[in-house]
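Visitor: My file is final_30.cif. It has mmCIF, C-alpha atoms:
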data_coords
loop_
_atom_site.label_atom_id
_atom_site.label_comp_id
_atom_site.auth_asym_id
_atom_site.auth_seq_id
_atom_site.Cartn_x
_atom_site.Cartn_y
_atom_site.Cartn_z
CA MET F 1 62.64 -32.39 7.94
CA HIS F 2 64.00 -32.51 4.37
CA GLY F 3 60.54 -31.56 3.14
CA LEU F 4 60.72 -28.32 5.10
CA VAL F 5 63.87 -27.02 3.44
CA PRO F 6 62.38 -25.84 0.10
CA LEU F 7 59.48 -24.22 1.97
CA GLN F 8 61.89 -22.35 4.21
CA GLU F 9 63.92 -21.22 1.17
CA GLU F 10 60.76 -20.06 -0.52
CA ALA F 11 59.75 -18.18 2.60
CA LEU F 12 63.14 -16.49 2.87
CA GLY F 13 63.11 -15.64 -0.82
CA LYS F 14 59.71 -14.03 -0.46
CA SER F 15 60.92 -12.07 2.56
CA LEU F 16 63.78 -10.60 0.57
CA GLN F 17 61.55 -9.65 -2.34
CA GLU F 18 59.19 -7.95 0.06
CA LYS F 19 61.92 -5.84 1.63
CA ASP F 20 60.36 -2.64 0.29
CA MET F 21 61.06 0.59 2.08
CA ALA F 22 58.45 2.67 3.90
CA CYS F 23 59.89 6.12 3.28
CA ILE F 24 61.23 5.72 -0.24
CA SER F 25 58.99 4.07 -2.83
CA SER F 26 60.31 1.69 -5.48
CA ASP F 27 60.58 4.53 -8.06
CA GLY F 28 63.01 6.33 -5.72
CA LYS F 29 60.54 9.04 -4.69
CA PRO F 30 59.90 9.71 -1.00
CA THR F 31 56.54 8.67 0.44
CA GLN F 32 54.39 11.12 2.40
CA SER F 33 56.19 10.37 5.66
CA GLY F 34 59.58 10.37 3.88
CA THR F 35 58.82 13.83 2.45
CA LYS F 36 57.87 15.11 5.93
CA MET F 37 61.16 13.86 7.32
CA LEU F 38 63.19 15.38 4.48
CA HIS F 39 61.51 18.76 5.05
CA ALA F 40 62.34 18.53 8.77
CA LEU F 41 65.95 17.70 7.88
CA LYS F 42 66.06 20.74 5.61
CA LEU F 43 65.15 22.86 8.64
CA ALA F 44 68.39 21.55 10.20
CA LEU F 45 66.56 19.31 12.64
CA GLY F 46 68.92 16.37 12.93
CA ALA F 47 67.95 14.24 15.92
CA PRO F 48 65.17 11.67 15.45
CA GLU F 49 63.40 13.01 18.58
CA GLU F 50 63.30 16.56 17.13
CA ILE F 51 62.03 15.27 13.78
CA ALA F 52 59.32 13.19 15.48
CA GLN F 53 58.16 16.28 17.36
CA ASN F 54 58.25 18.46 14.23
CA THR F 55 56.46 16.00 11.95
CA GLY F 56 54.07 14.39 14.43
CA LEU F 57 55.27 10.96 13.30
CA PRO F 58 55.89 8.24 15.91
CA LEU F 59 59.53 8.08 16.99
CA PHE F 60 59.97 4.45 15.88
CA LYS F 61 58.84 5.41 12.39
CA VAL F 62 61.23 8.36 12.27
CA ARG F 63 64.16 6.20 13.37
CA SER F 64 63.50 3.55 10.74
CA GLY F 65 62.65 6.15 8.11
CA LEU F 66 65.87 8.11 8.65
CA ARG F 67 67.81 4.87 8.31
CA GLU F 68 66.18 4.31 4.89
CA ILE F 69 66.73 7.92 3.87
CA ALA F 70 70.44 7.62 4.72
CA GLN F 71 70.69 4.29 2.85
CA ALA F 72 69.21 6.00 -0.20
CA GLY F 73 71.88 8.72 0.01
CA LEU F 74 69.38 11.46 0.86
CA ALA F 75 70.97 12.18 4.23
CA THR F 76 74.12 11.36 6.14
CA GLU F 77 74.31 10.26 9.76
CA THR F 78 76.95 11.21 12.32
CA SER F 79 76.66 10.22 15.98
CA GLY F 80 72.90 9.69 15.70
CA LYS F 81 72.20 13.05 14.00
CA TYR F 82 71.16 13.34 10.37
CA THR F 83 72.01 15.97 7.74
CA ILE F 84 70.20 16.25 4.41
CA THR F 85 72.35 15.80 1.29
CA GLU F 86 72.10 17.76 -1.96
CA LYS F 87 70.32 14.77 -3.47
CA GLY F 88 67.76 14.94 -0.65
CA VAL F 89 67.23 18.68 -1.16
CA GLU F 90 66.75 18.13 -4.92
CA LEU F 91 64.10 15.49 -4.27
CA ILE F 92 61.80 17.80 -2.28
CA LYS F 93 62.17 20.87 -4.54
CA MET U 94 64.19 -31.37 14.04
CA GLU U 95 65.99 -31.41 17.41
CA GLU U 96 67.35 -27.96 16.62
CA LEU U 97 63.85 -26.65 15.86
CA LYS U 98 62.50 -28.18 19.07
CA GLU U 99 65.21 -26.46 21.09
CA GLN U 100 64.43 -23.09 19.48
CA VAL U 101 60.70 -23.47 20.10
CA THR U 102 61.14 -24.24 23.79
CA SER U 103 63.48 -21.29 24.40
CA MET U 104 61.13 -18.81 26.05
CA PRO U 105 61.90 -15.27 27.15
CA ARG U 106 61.01 -14.40 30.73
CA ILE U 107 59.78 -11.39 32.66
CA GLY U 108 62.66 -9.16 33.74
CA GLU U 109 64.91 -10.20 30.86
CA PRO U 110 65.94 -7.93 27.96
CA ALA U 111 63.52 -8.42 25.05
CA PRO U 112 65.15 -10.43 22.22
CA THR U 113 66.39 -8.03 19.55
CA PHE U 114 65.11 -8.27 15.99
CA GLU U 115 65.12 -6.61 12.59
CA ALA U 116 61.91 -7.45 10.80
CA ILE U 117 59.92 -6.65 7.68
CA THR U 118 56.66 -4.97 8.65
CA THR U 119 53.76 -3.17 7.01
CA HIS U 120 55.60 0.06 7.94
CA GLY U 121 58.95 -0.99 6.45
CA VAL U 122 61.92 -2.63 8.15
CA LEU U 123 61.80 -2.09 11.91
CA LYS U 124 64.26 -2.99 14.65
CA LEU U 125 63.39 -3.48 18.31
CA GLU U 126 65.74 -0.60 19.14
CA ASP U 127 63.56 1.77 17.07
CA PHE U 128 61.07 1.58 19.98
CA LYS U 129 63.63 2.43 22.69
CA GLY U 130 62.25 5.07 25.05
CA SER U 131 58.62 4.02 24.47
CA TRP U 132 56.60 1.22 25.99
CA LEU U 133 55.89 -1.45 23.40
CA ILE U 134 53.21 -4.11 23.15
CA LEU U 135 54.41 -6.83 20.80
CA PHE U 136 51.54 -9.20 20.07
CA SER U 137 51.13 -12.17 17.78
CA HIS U 138 48.05 -13.51 16.05
CA PRO U 139 47.68 -16.92 14.37
CA ALA U 140 46.88 -15.81 10.82
CA ASP U 141 45.51 -13.02 8.64
CA PHE U 142 41.92 -13.24 7.36
CA THR U 143 40.74 -15.32 10.33
CA PRO U 144 37.70 -14.38 12.42
CA VAL U 145 39.01 -14.06 15.99
CA CYS U 146 42.16 -12.24 14.80
CA THR U 147 40.05 -9.75 12.86
CA THR U 148 38.01 -8.89 15.97
CA GLU U 149 41.26 -8.51 17.92
CA PHE U 150 42.87 -6.24 15.33
CA ILE U 151 39.84 -3.97 15.42
CA ALA U 152 39.95 -3.98 19.23
CA PHE U 153 43.68 -3.15 19.27
CA ALA U 154 43.05 -0.29 16.82
CA GLU U 155 40.28 0.99 19.11
CA ILE U 156 42.55 1.16 22.17
CA TYR U 157 45.52 2.56 20.18
CA PRO U 158 44.70 6.23 21.02
CA GLU U 159 44.54 5.34 24.73
CA LEU U 160 47.85 3.51 24.44
CA ARG U 161 49.51 6.47 22.70
CA LYS U 162 48.35 8.73 25.57
CA ARG U 163 50.31 6.39 27.85
CA GLY U 164 53.42 6.42 25.63
CA VAL U 165 52.81 2.90 24.31
CA GLU U 166 53.35 1.65 20.75
CA LEU U 167 51.76 -1.47 19.26
CA LEU U 168 53.46 -4.00 16.99
CA GLY U 169 51.60 -7.02 15.62
CA LEU U 170 53.10 -10.22 14.21
CA SER U 171 52.10 -13.36 12.39
CA VAL U 172 53.69 -15.94 10.13
CA ASP U 173 52.23 -14.36 6.98
CA SER U 174 53.68 -12.31 4.15
CA VAL U 175 53.65 -8.53 4.14
CA SER U 176 51.36 -8.65 1.07
CA SER U 177 48.89 -10.73 3.05
CA HIS U 178 49.07 -8.27 5.97
CA ILE U 179 48.49 -5.31 3.64
CA ALA U 180 45.52 -7.04 1.97
CA TRP U 181 43.99 -7.94 5.34
CA VAL U 182 44.53 -4.47 6.85
CA ARG U 183 42.88 -2.94 3.75
CA ASN U 184 40.04 -5.45 3.99
CA VAL U 185 39.42 -4.57 7.66
CA GLU U 186 39.37 -0.89 6.73
CA GLU U 187 36.95 -1.49 3.87
CA LYS U 188 34.57 -3.92 5.62
CA LYS U 189 34.71 -2.67 9.21
CA GLU U 190 35.67 0.99 8.65
CA THR U 191 38.62 0.62 11.00
CA LYS U 192 42.07 1.85 10.06
CA ILE U 193 44.91 -0.26 11.50
CA PRO U 194 47.44 2.39 12.54
CA PHE U 195 50.22 0.16 13.89
CA PRO U 196 52.84 -1.93 12.04
CA VAL U 197 52.57 -5.71 11.67
CA ILE U 198 55.62 -7.97 11.33
CA ALA U 199 55.62 -10.42 8.41
CA ASP U 200 57.51 -13.24 10.11
CA LEU U 201 57.66 -15.80 7.31
CA SER U 202 61.07 -17.01 8.48
CA LYS U 203 59.64 -17.41 12.04
CA GLU U 204 62.78 -15.72 13.33
CA VAL U 205 60.93 -13.40 15.72
CA SER U 206 58.23 -15.95 16.66
CA LEU U 207 60.85 -18.47 17.73
CA ALA U 208 62.92 -15.91 19.63
CA TYR U 209 59.83 -14.94 21.64
CA GLY U 210 58.44 -18.49 22.09
CA MET U 211 55.28 -17.63 20.18
CA ILE U 212 54.86 -21.00 18.49
CA HIS U 213 53.40 -23.68 20.75
CA PRO U 214 53.57 -26.87 18.67
CA ASN U 215 50.72 -28.61 20.46
CA GLN U 216 48.42 -25.75 19.43
CA SER U 217 49.86 -25.27 15.94
CA LYS U 218 53.21 -26.02 14.34
CA THR U 219 52.90 -23.21 11.81
CA GLU U 220 50.89 -20.46 13.51
CA THR U 221 51.70 -18.34 16.54
CA VAL U 222 49.43 -18.47 19.57
CA ARG U 223 47.98 -15.20 20.87
CA CYS U 224 50.93 -13.73 22.77
CA VAL U 225 51.29 -10.32 24.36
CA PHE U 226 54.72 -9.05 25.40
CA ILE U 227 54.75 -5.75 27.27
CA ILE U 228 58.22 -4.24 26.92
CA ASP U 229 59.27 -1.16 28.88
CA PRO U 230 61.21 1.90 27.57
CA ASN U 231 64.50 0.19 28.56
CA GLN U 232 63.44 -2.82 26.44
CA ILE U 233 62.95 -5.15 29.41
CA ILE U 234 60.06 -7.62 29.26
CA ARG U 235 57.59 -6.64 31.98
CA THR U 236 54.55 -8.82 31.22
CA ILE U 237 53.88 -11.92 29.13
CA LEU U 238 50.37 -13.17 28.31
CA TYR U 239 49.53 -16.27 26.30
CA TYR U 240 46.05 -17.02 25.00
CA PRO U 241 45.03 -20.10 23.01
CA LEU U 242 44.00 -19.87 19.36
CA THR U 243 40.31 -19.99 20.27
CA THR U 244 40.20 -17.14 22.82
CA GLY U 245 40.35 -13.48 21.83
CA ARG U 246 42.24 -11.13 24.13
CA ASN U 247 40.76 -8.65 26.61
CA MET U 248 41.81 -5.08 25.74
CA ASP U 249 40.64 -3.68 29.10
CA GLU U 250 43.08 -6.03 30.83
CA ILE U 251 45.93 -4.96 28.56
CA LEU U 252 45.25 -1.27 29.34
CA ARG U 253 44.92 -2.14 33.04
CA ILE U 254 48.33 -3.84 33.05
CA ILE U 255 49.94 -0.82 31.37
CA ASP U 256 48.36 1.49 33.98
CA ALA U 257 49.49 -0.81 36.78
CA LEU U 258 53.10 -1.09 35.53
CA GLN U 259 53.38 2.65 34.99
CA THR U 260 51.89 3.33 38.46
CA THR U 261 54.40 0.90 40.00
CA ASP U 262 57.33 2.53 38.21
CA LYS U 263 56.26 6.06 39.12
CA ASN U 264 55.34 5.50 42.76
CA GLY U 265 57.25 2.41 43.92
CA VAL U 266 54.06 0.60 44.91
CA ALA U 267 52.27 -2.62 43.93
CA THR U 268 48.68 -2.96 42.78
CA PRO U 269 46.16 -5.37 44.33
CA ALA U 270 43.79 -7.79 42.62
CA ASN U 271 41.32 -6.18 40.24
CA TRP U 272 43.02 -2.79 40.69
CA HIS U 273 42.03 0.08 38.45
CA PRO U 274 43.46 3.62 38.29
CA GLY U 275 42.11 5.63 41.25
CA ASP U 276 41.92 2.58 43.56
CA MET U 277 44.18 2.27 46.60
CA VAL U 278 47.64 0.79 45.98
CA VAL U 279 49.68 -1.63 48.08
CA VAL U 280 52.66 -0.27 50.01
CA PRO U 281 55.67 -2.62 49.79
CA PRO U 282 55.86 -4.72 53.01
CA PRO U 283 58.55 -3.80 55.52
CA LYS U 284 61.70 -5.91 55.47
CA THR U 285 62.57 -5.81 59.18
CA GLN U 286 60.76 -6.43 62.48
CA GLU U 287 61.35 -2.80 63.45
CA GLY U 288 59.89 -1.70 60.14
CA ALA U 289 56.84 -3.94 60.72
CA GLU U 290 56.19 -2.30 64.10
CA GLU U 291 56.54 1.19 62.66
CA ARG U 292 54.40 0.42 59.63
CA LEU U 293 51.19 0.34 61.69
CA LYS U 294 51.84 3.90 62.90
CA GLU U 295 52.36 5.36 59.44
CA GLY U 296 48.72 6.18 58.75
CA TYR U 297 48.11 3.66 55.96
CA GLU U 298 44.96 1.53 55.73
CA CYS U 299 46.39 -1.72 57.11
CA THR U 300 44.87 -5.18 57.44
CA ASP U 301 48.08 -6.17 59.19
CA TRP U 302 51.74 -5.09 59.04
CA TYR U 303 52.32 -6.87 55.71
CA LEU U 304 49.21 -5.63 53.90
CA CYS U 305 48.88 -1.87 53.90
CA LYS U 306 47.23 0.29 51.27
CA LYS U 307 47.28 3.99 50.50
CA LYS U 308 45.66 6.47 48.13
CA LEU U 309 47.95 8.04 45.58
#
When written as structure tokens, how does the structure in this file appear?
Guide:
Amino acid sequence: MHGLVPLQEEALGKSLQEKDMACISSDGKPTQSGTKMLHALKLALGAPEEIAQNTGLPLFKVRSGLREIAQAGLATETSGKYTITEKGVELIK
Amino acid sequence: MEELKEQVTSMPRIGEPAPTFEAITTHGVLKLEDFKGSWLILFSHPADFTPVCTTEFIAFAEIYPELRKRGVELLGLSVDSVSSHIAWVRNVEEKKETKIPFPVIADLSKEVSLAYGMIHPNQSKTETVRCVFIIDPNQIIRTILYYPLTTGRNMDEILRIIDALQTTDKNGVATPANWHPGDMVVVPPPKTQEGAEERLKEGYECTDWYLCKKKL
């Protein structure tokens, strides 16, 4: 059992390093799907279901993507609806 | 070790809420709740860059359009890193000209595998067996399939189960052995003696009061 501990730590460490985002790349720029979502947000579409319909992206991807976009400060979330921030608007200019 | 053994033997069951998770995937960090409102097939494979798994991934990609028509999403899983998944998915695209359109969980911590009982130690202590969990839009487990490491899954059967579950939910009926869409369905048996007597007058195709079929 003791032999497993370093392997588990290594595995966990790798997991954390690999926690890259799908909608925002490591240089802070939105990916293709992130850009689509930001454009939909700019049209004042705020609910994930509306954005999925507008962008053609699967709903699960929109939900996780909007979470990332909000974490990056490109949108804010209130009661499940998202609003693009000035930083988000700047990024897709 | 006792703790690990206990986790491995904890198995989810049909009718129970699917265990929640937040996992690193090839499509970013996904939570089970991201799939709420859609059907979800969560499936595990033993390892990337292995022969049977490669044939299965191609087969899952081939039925993906049919699944999407039925409101079903696919989510793969194995105890490999996300870099390994990405390399394998790219390799499949390059060598077999098949794009893998669905996300794959990189479950290096085995957190999801253990929660879903995907590791069967007598098959492998480090790899998941070939599991299929069909989860409904309310995130309830509706079907569980387990295949050994050596046997690739049957995609026709997976599509058939989805059709059967959706037919049951829509029409309140059951489906008989070897049922396919368009075949007759089974009417739920009556629960009282009076109901049994009336059943035979209802115009269904009946073998007896407890086995009646109808066309949808």
Visitor: Quick check, in Å to one decimal: how far apart do CA of Leu252 in chain U and CA of Glu159 in chain U lie?
Guide: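 Atom-to-atom, CA of Leu252 in chain U and CA of Glu159 in chain U are spaced 8.1 Å apart.
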Visitor: Please measure the separation of CA of Phe226 in chain U and CA of Glu115 in chain U, giving the value in Å to one decimal.
Guide: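 About the pair CA of Phe226 in chain U and CA of Glu115 in chain U: they are 16.7 Å apart.
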Visitor: Quick one: everything within 8 Å of Pro30 in chain F, counting all atoms listed in the file, minus sequence neighbours fewer than 6 positions away in the same chain. Send it as a VMD selection string.
Guide: chain F and resid 23 to 24 91
Visitor: Which value, in Å to one decimal, gives the distance between CA of Val165 in chain U and CA of Lys188 in chain U?
Guide: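 Between these atoms lies a distance of 27.0 Å.
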Visitor: Evaluated on this file, the PyMOL selection byres ((chain U) within 12 of (chain F)) picks out some residues - which ones are they, written as a PDB file with C-alpha atoms, in the coordinates of the input?
Guide:
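Ended up saving to expr19.pdb:
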ATOM      1  CA  MET U  94      64.190 -31.370  14.040  1.00  0.00           C
ATOM      2  CA  GLU U  95      65.990 -31.410  17.410  1.00  0.00           C
ATOM      3  CA  GLU U  96      67.350 -27.960  16.620  1.00  0.00           C
ATOM      4  CA  LEU U  97      63.850 -26.650  15.860  1.00  0.00           C
ATOM      5  CA  LYS U  98      62.500 -28.180  19.070  1.00  0.00           C
ATOM      6  CA  GLU U 115      65.120  -6.610  12.590  1.00  0.00           C
ATOM      7  CA  ALA U 116      61.910  -7.450  10.800  1.00  0.00           C
ATOM      8  CA  ILE U 117      59.920  -6.650   7.680  1.00  0.00           C
ATOM      9  CA  THR U 118      56.660  -4.970   8.650  1.00  0.00           C
ATOM     10  CA  THR U 119      53.760  -3.170   7.010  1.00  0.00           C
ATOM     11  CA  HIS U 120      55.600   0.060   7.940  1.00  0.00           C
ATOM     12  CA  GLY U 121      58.950  -0.990   6.450  1.00  0.00           C
ATOM     13  CA  VAL U 122      61.920  -2.630   8.150  1.00  0.00           C
ATOM     14  CA  LEU U 123      61.800  -2.090  11.910  1.00  0.00           C
ATOM     15  CA  LYS U 124      64.260  -2.990  14.650  1.00  0.00           C
ATOM     16  CA  LEU U 125      63.390  -3.480  18.310  1.00  0.00           C
ATOM     17  CA  GLU U 126      65.740  -0.600  19.140  1.00  0.00           C
ATOM     18  CA  ASP U 127      63.560   1.770  17.070  1.00  0.00           C
ATOM     19  CA  PHE U 128      61.070   1.580  19.980  1.00  0.00           C
ATOM     20  CA  LYS U 129      63.630   2.430  22.690  1.00  0.00           C
ATOM     21  CA  GLY U 130      62.250   5.070  25.050  1.00  0.00           C
ATOM     22  CA  SER U 131      58.620   4.020  24.470  1.00  0.00           C
ATOM     23  CA  TRP U 132      56.600   1.220  25.990  1.00  0.00           C
ATOM     24  CA  LEU U 133      55.890  -1.450  23.400  1.00  0.00           C
ATOM     25  CA  ARG U 161      49.510   6.470  22.700  1.00  0.00           C
ATOM     26  CA  GLY U 164      53.420   6.420  25.630  1.00  0.00           C
ATOM     27  CA  VAL U 165      52.810   2.900  24.310  1.00  0.00           C
ATOM     28  CA  GLU U 166      53.350   1.650  20.750  1.00  0.00           C
ATOM     29  CA  LEU U 167      51.760  -1.470  19.260  1.00  0.00           C
ATOM     30  CA  LEU U 168      53.460  -4.000  16.990  1.00  0.00           C
ATOM     31  CA  VAL U 172      53.690 -15.940  10.130  1.00  0.00           C
ATOM     32  CA  ASP U 173      52.230 -14.360   6.980  1.00  0.00           C
ATOM     33  CA  SER U 174      53.680 -12.310   4.150  1.00  0.00           C
ATOM     34  CA  VAL U 175      53.650  -8.530   4.140  1.00  0.00           C
ATOM     35  CA  SER U 176      51.360  -8.650   1.070  1.00  0.00           C
ATOM     36  CA  SER U 177      48.890 -10.730   3.050  1.00  0.00           C
ATOM     37  CA  HIS U 178      49.070  -8.270   5.970  1.00  0.00           C
ATOM     38  CA  ILE U 179      48.490  -5.310   3.640  1.00  0.00           C
ATOM     39  CA  PRO U 194      47.440   2.390  12.540  1.00  0.00           C
ATOM     40  CA  PHE U 195      50.220   0.160  13.890  1.00  0.00           C
ATOM     41  CA  PRO U 196      52.840  -1.930  12.040  1.00  0.00           C
ATOM     42  CA  ILE U 198      55.620  -7.970  11.330  1.00  0.00           C
ATOM     43  CA  ALA U 199      55.620 -10.420   8.410  1.00  0.00           C
ATOM     44  CA  ASP U 200      57.510 -13.240  10.110  1.00  0.00           C
ATOM     45  CA  LEU U 201      57.660 -15.800   7.310  1.00  0.00           C
ATOM     46  CA  SER U 202      61.070 -17.010   8.480  1.00  0.00           C
ATOM     47  CA  LYS U 203      59.640 -17.410  12.040  1.00  0.00           C
ATOM     48  CA  GLU U 204      62.780 -15.720  13.330  1.00  0.00           C
ATOM     49  CA  THR U 219      52.900 -23.210  11.810  1.00  0.00           C
TER      50      THR U 219
END
Visitor: Using all atoms listed in the file and a cutoff of 6 Å, can you tell me which residues are near (52.4, -13.8, 22.0) in the file's coordinates, and write them out as a list in words?
Guide: Phe136, Ser137, Met211, Arg223, Cys224, Val225 and Tyr239 of chain U
Visitor: Using only C-alpha atoms, please write the residues we just selected to a file, as a short mmCIF file (atom, residue, chain, number, x, y, z; two decimals), keeping the file's coordinate frame.
Guide:
data_model
loop_
_atom_site.label_atom_id
_atom_site.label_comp_id
_atom_site.auth_asym_id
_atom_site.auth_seq_id
_atom_site.Cartn_x
_atom_site.Cartn_y
_atom_site.Cartn_z
CA PHE U 136 51.54 -9.20 20.07
CA SER U 137 51.13 -12.17 17.78
CA MET U 211 55.28 -17.63 20.18
CA ARG U 223 47.98 -15.20 20.87
CA CYS U 224 50.93 -13.73 22.77
CA VAL U 225 51.29 -10.32 24.36
CA TYR U 239 49.53 -16.27 26.30
#
Visitor: Go through the shown structure with the PyMOL selection byres ((chain F and resi 77-80) around 9) and write out the matching residues as a list in words.
Guide: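 That selection, the PyMOL selection byres ((chain F and resi 77-80) around 9), comes back as Gly46, Ala47, Pro48, Leu66, Arg67, Ala70, Ala75, Thr76, Lys81, Tyr82 and Thr83 of chain F.
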Visitor: Restricting the calculation to all atoms listed in the file, which member of F:Thr35, F:Ala52, F:Asp27, F:Gln71 is positioned closest to Glu90 in chain F?
Guide: F:Thr35
Visitor: Residues near Ser217 in chain U, anyone? I mean within 12 Å using all atoms listed in the file, not counting same-chain ones fewer than 4 positions away, as a PyMOL selection string.
Guide: chain U and resi 101+138-140+172+211-213+221-223+241-243
Visitor: Nearest residue to Ile92 in chain F out of F:Gly28, F:Leu38, F:Ser33, F:Leu43, using all atoms listed in the file?
Guide: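 Ranked by minimum distance to Ile92 in chain F, first place goes to F:Leu38.
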Visitor: Need the shell around Asp276 in chain U: protein/DNA/RNA residues with any atom at most 10 Å away, counting only C-alpha atoms. Skip same-chain ones fewer than 2 positions apart. Format as a list in words?
Guide: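 Those residues are Thr268, Pro269, Asn271, Trp272, His273, Pro274, Val278, Val279, Lys306, Lys307, Lys308 and Leu309 of chain U.
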Visitor: Take the PyMOL selection byres ((chain U and resi 106) around 9), apply it to the structure above, and return the hits as a VMD selection string.
Guide: chain U and resid 104 to 105 107 to 111 234 to 237
Visitor: Between U:Asn184, U:Thr261, U:Lys218, U:Gly245, which has the minimum distance to Val145 in chain U (counting all atoms listed in the file)?
Guide: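 That would be U:Gly245, the residue with the smallest distance to Val145 in chain U.
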Visitor: Calculated over all atoms listed in the file, which of the candidates U:Ile233, U:Leu160, U:Leu207, U:Ile193 has the smallest distance to Met248 in chain U?
Guide: U:Leu160
Visitor: Give me the residues within 9 Å of Asn54 in chain F as a list in words, counting only C-alpha atoms and dropping any in the same chain fewer than 5 places off.
Guide: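 Those residues are Lys36, Met37, Ala40, Leu45 and Glu49 of chain F.
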